[in-house]
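So the structure is just underneath, and the comments pick up after that.
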Amino acid sequence: MGKIFVWIDSRFEISTQHRRFFQRPVPPNLDYTYCFGGIAFTYFLILLFSGLLLSLYYVPSEREAYKSVLIITNEVPFGWVVRGMHKWSASLFIISIILHAIRVFVSKAYRHPRELNWMIGAATFITAMASGFTGYLLPWDQKAYWATEVGTSMVGTIPFIGESMMYAVRGGAEVSGTTLIRFFSLHVLYLPLFMGILLWFHFHMIKRQGISAKL
Amino acid sequence: MDRRDFLKKIIKAFFFSISFSLILILSYIYPSRIKQKKLSYIYLTEEEALHKSGIKRLEYKYNLHEKTIVSFVFLKKEGEELTAFSPLCTHLGCLLKWNNIEKEFVCVCHGGKFDMDGKVIAGPPPKPLERLPLSIRDGKVYIGIKLYG
């Protein structure tokens with residue numbers, strides 16, 4: 001590494017502490033199916049970063065949401081790239097999580113002592129789905145509106161408490177500007193924060209327990 | 001290629017792709033339209049109409065975004081010298097009125113007062129009145145204001 005890295009590292013002292021990062025024991029003969037977790041995390045980072053860029057131009061208001069999405073797509077330089085990255089990474093993120101879960105299930109990596117990590121992983125999957133659902137409303141076009149209308153109606157089918165839960169999710173009787181702001185807040189504040197905490201747990205346990213050996 | 005070389009290559013590739021995307025990101029962040037106001041001269045009055053000395057309130061019209069906007073300035077004539085004052089109070093931008101008896105500009109919002117030369121004589125305004133540029137061509141007086149355009 002260069003002089004600059006040495007200068008920083010003699011003060012920040014990252015290499016001594018994290019030498020273990022490169023010297024962690026890995027079981028032999030792992031194949032590429034073990035990469036899906038890492039791929040999913042890469043998509044998460046892409047989503048996080050492209051989302052930060054989109055938030056510079058997106059306006060979460062009933063009147064301007066759709067217009068601001070049009071501006072991002074058509075007028076902002078490389079806006080269509082950033083939006084496309086966010087959209088496609090979202091789908092591929094979910095797919096990678098499913099493939100990762102299948103690999104863990106097939107290789108029986110969920111067994112003791114990794115049961116808790118499976119549960120955290122399941123919670124991460126639910127959070128990812130919730131992010132996908134709330135993000136779907138944000139373009140505020142016909143498809144987004146009716147998808148949310150249908151999705152939030154499903155909440156209403158829960159016995160006894162369903163109707164009040166639906167109103168709480170929508171922020172009113174119908175999908176409206178209030179729903180948009182709610183979903184925006186969930187999509188950019190609550191869910192990413194929660195996801196970050198869950199991923200920290202997930203990776204902490206992977207570091208302590210190591211990757212499970214092949215069957 | 002051993003592991004050390006592989007890691008070095010990966011890290012280099014990472015930094016190259018980061019610096020490449022940085023160009024795209026900067027062009028994404030940089031505003032695509034930066035409009036600045038430009039000084040443009042608008043017809044105010046005929047020079048012959050200004051025969052009396054003193055303060056005169058003059059209206060002018062101009063087009064902005066396909067709408068006609070009517071505004072006004074205070075024109076001071078002292079001998080042959082013409083001065084144009086912006087009608088905005090330098091305190092918070094209320095429109096001023098000219099009191100011809102007391103010979104002062106009065107701001108109704110917070111009681112700011114200016115004399116004939118635009119100097120503050122009472123109230124909270126921190127600065128004297130803004131003077132606007134004038135241009136006289138072929139006996140016609142033009143007022144210079146800053147517009148988007």
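Note on naming: chains are A, B, ... as they come in the structure tokens, residues start from 1 per chain, ligands start from 1 in the order shown.
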Spatial neighbours of A:Met154, max dist 12 Å, only C-alpha atoms, sep filter under 5 positions, as an mmCIF file with N, CA and C atoms, in the first residue's frame:
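The file below, around.cif, is the result:
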```cif
data_model
loop_
_atom_site.group_PDB
_atom_site.id
_atom_site.type_symbol
_atom_site.label_atom_id
_atom_site.label_comp_id
_atom_site.auth_asym_id
_atom_site.auth_seq_id
_atom_site.Cartn_x
_atom_site.Cartn_y
_atom_site.Cartn_z
ATOM 1 N N ALA A 147 -51.663 -0.774 -6.922
ATOM 2 C CA ALA A 147 -50.948 -1.847 -6.220
ATOM 3 C C ALA A 147 -51.037 -1.636 -4.710
ATOM 4 N N THR A 148 -50.899 -0.379 -4.291
ATOM 5 C CA THR A 148 -50.972 -0.077 -2.855
ATOM 6 C C THR A 148 -52.403 -0.202 -2.352
ATOM 7 N N GLU A 149 -53.358 0.200 -3.192
ATOM 8 C CA GLU A 149 -54.782 0.040 -2.861
ATOM 9 C C GLU A 149 -55.075 -1.436 -2.554
ATOM 10 N N PRO A 159 -58.995 -10.727 10.674
ATOM 11 C CA PRO A 159 -60.214 -10.658 11.483
ATOM 12 C C PRO A 159 -60.095 -9.651 12.625
ATOM 13 N N GLY A 162 -58.387 -5.998 11.563
ATOM 14 C CA GLY A 162 -57.931 -5.709 10.194
ATOM 15 C C GLY A 162 -58.250 -4.314 9.711
ATOM 16 N N GLU A 163 -59.515 -3.889 9.900
ATOM 17 C CA GLU A 163 -59.938 -2.604 9.346
ATOM 18 C C GLU A 163 -59.170 -1.439 9.963
ATOM 19 N N MET A 165 -56.277 -1.619 11.359
ATOM 20 C CA MET A 165 -54.875 -1.706 10.919
ATOM 21 C C MET A 165 -54.698 -1.110 9.529
ATOM 22 N N MET A 166 -55.699 -1.387 8.668
ATOM 23 C CA MET A 166 -55.638 -0.847 7.307
ATOM 24 C C MET A 166 -55.640 0.683 7.333
ATOM 25 N N TYR A 167 -56.509 1.249 8.192
ATOM 26 C CA TYR A 167 -56.556 2.711 8.290
ATOM 27 C C TYR A 167 -55.231 3.262 8.814
ATOM 28 N N VAL A 169 -52.257 1.883 8.391
ATOM 29 C CA VAL A 169 -51.259 1.787 7.318
ATOM 30 C C VAL A 169 -51.481 2.898 6.295
ATOM 31 N N ARG A 170 -52.766 3.142 5.958
ATOM 32 C CA ARG A 170 -53.054 4.146 4.923
ATOM 33 C C ARG A 170 -52.991 5.573 5.459
#
```
For chain A against chain B, with a cut-off of 8 Å and counting only C-alpha atoms, what is the closest atom pair and its distance in Å to one decimal for every residue that makes the cut, ordered by chain and number, as a Markdown table?
```
| residue | atom | partner | partner_atom | distance |
| --- | --- | --- | --- | --- |
| A:Leu53 | CA | B:Ile29 | CA | 7.8 |
| A:Leu56 | CA | B:Ile29 | CA | 7.8 |
| A:Glu75 | CA | B:Ser32 | CA | 7.9 |
| A:Val76 | CA | B:Tyr28 | CA | 6.3 |
| A:Pro77 | CA | B:Tyr28 | CA | 5.0 |
| A:Phe78 | CA | B:Tyr28 | CA | 5.9 |
| A:Gly79 | CA | B:Tyr28 | CA | 6.5 |
```
Shell around stretch 195-205 of chain A at 7 Å using only C-alpha atoms, local window under 6 positions removed, as a PyMOL selection string: chain A and resi 117+120-121+124+127
Stretch 27-121 of chain B: residues DSSP assigns to strand (DSSP E or B), reported as an NGL selection string: :B and (37-46 or 54-64 or 67-78 or 81-85 or 88 or 95-99 or 104-107 or 113-114 or 120-121)
For the selection just defined, write its residues with C-alpha atoms to a file, as a short mmCIF file (atom, residue, chain, number, x, y, z; two decimals), in the first residue's frame.
```cif
data_model
loop_
_atom_site.label_atom_id
_atom_site.label_comp_id
_atom_site.auth_asym_id
_atom_site.auth_seq_id
_atom_site.Cartn_x
_atom_site.Cartn_y
_atom_site.Cartn_z
CA LYS B 37 -30.64 37.45 -13.29
CA LYS B 38 -29.53 39.84 -16.00
CA LEU B 39 -29.74 43.62 -16.09
CA SER B 40 -32.26 44.76 -18.69
CA TYR B 41 -33.49 48.25 -19.50
CA ILE B 42 -37.22 48.93 -19.63
CA TYR B 43 -38.95 52.00 -21.03
CA LEU B 44 -40.05 54.35 -18.27
CA THR B 45 -41.06 57.74 -19.64
CA GLU B 46 -40.29 60.57 -22.08
CA GLY B 54 -38.73 66.79 -7.11
CA ILE B 55 -39.88 63.19 -6.63
CA LYS B 56 -42.16 61.50 -9.13
CA ARG B 57 -43.71 58.03 -8.88
CA LEU B 58 -43.53 56.34 -12.27
CA GLU B 59 -45.05 53.02 -13.33
CA TYR B 60 -43.50 50.74 -15.90
CA LYS B 61 -44.56 47.49 -17.51
CA TYR B 62 -42.61 44.46 -18.62
CA ASN B 63 -43.27 40.87 -19.66
CA LEU B 64 -42.05 37.94 -17.58
CA LYS B 67 -47.38 37.78 -18.02
CA THR B 68 -47.42 41.57 -17.92
CA ILE B 69 -46.04 42.89 -14.69
CA VAL B 70 -46.62 46.47 -13.53
CA SER B 71 -44.12 47.96 -11.12
CA PHE B 72 -42.96 51.42 -10.17
CA VAL B 73 -39.92 53.51 -9.20
CA PHE B 74 -39.36 56.89 -7.64
CA LEU B 75 -37.60 59.31 -9.94
CA LYS B 76 -35.87 62.32 -8.47
CA LYS B 77 -35.07 65.37 -10.56
CA GLU B 78 -32.71 67.92 -9.13
CA GLU B 81 -29.73 65.32 -12.60
CA LEU B 82 -32.00 62.23 -12.58
CA THR B 83 -31.88 59.56 -9.88
CA ALA B 84 -34.07 56.45 -9.65
CA PHE B 85 -34.87 54.91 -6.26
CA LEU B 88 -38.54 48.71 -1.63
CA LEU B 95 -43.36 49.23 -0.70
CA LEU B 96 -42.65 52.84 0.19
CA LYS B 97 -44.92 55.85 -0.14
CA TRP B 98 -43.78 59.37 -0.95
CA ASN B 99 -45.04 62.03 1.45
CA GLU B 104 -39.85 61.96 2.89
CA PHE B 105 -40.37 58.32 1.88
CA VAL B 106 -42.48 56.46 4.44
CA CYS B 107 -42.66 52.75 5.04
CA LYS B 113 -38.36 56.95 6.82
CA PHE B 114 -35.97 58.10 4.09
CA VAL B 120 -32.45 56.83 6.46
CA ILE B 121 -33.90 59.42 8.82
#
```
Nearest to B:Ile136, chosen from B:Pro124, B:Glu102, B:Cys109, B:Glu48, with only C-alpha atoms counted in the distances: B:Glu48
Shell of 12 Å around A:Ser176, only C-alpha atoms, local chain residues under 2 positions omitted, as a PyMOL selection string: chain A and resi 60-63+137-138+140+144-146+148-149+152+167+169-174+178-183
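The environment of B:Leu134 within 6 Å, counting only C-alpha atoms and disregarding residues fewer than 4 places along the same chain, consists of Tyr142, Ile143 and Gly144 of chain B.
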Residue list (helix (DSSP H, G or I), DSSP) for chain B, as a count of residues only: 30
Interatomic distance (Å, one decimal) between atom CA of B:Leu92 and atom CA of B:Glu66: 28.2 Å
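The nearest approach to A:Gly51 among the residues A:Ser212, A:Ser164, A:Gln142, A:Ser131, with only C-alpha atoms taken into account, belongs to A:Ser131.
Interatomic distance, atom CA of A:Ile211 against atom CA of B:Asp5: 24.3 Å.
Computed from the coordinates, the atom CA of A:Tyr32 to atom CA of A:Ile97 distance equals 14.6 Å.
The closest residue to A:Tyr57, picked from A:Gln209, A:Thr73, A:Ser153, A:Ser107 and counting only C-alpha atoms, is A:Thr73.
When only C-alpha atoms are used to compute distances to A:Ala65, the closest of the residues A:Phe184, A:Met129, A:Ala109, A:Phe160 turns out to be A:Phe184.
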Neighbour list for stretch 41-45 of chain A as a VMD selection string, cut-off 9 Å, only C-alpha atoms, skip fewer than 3 positions in-chain: chain A and resid 36 to 38 48 to 50 89 to 90 92 to 93 96 to 97 199
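The shortest atom-to-atom distance to B:Gly139, with only C-alpha atoms taken into account, belongs to B:Ala49 out of B:Ile34, B:Ala13, B:Ala49, B:Met1.
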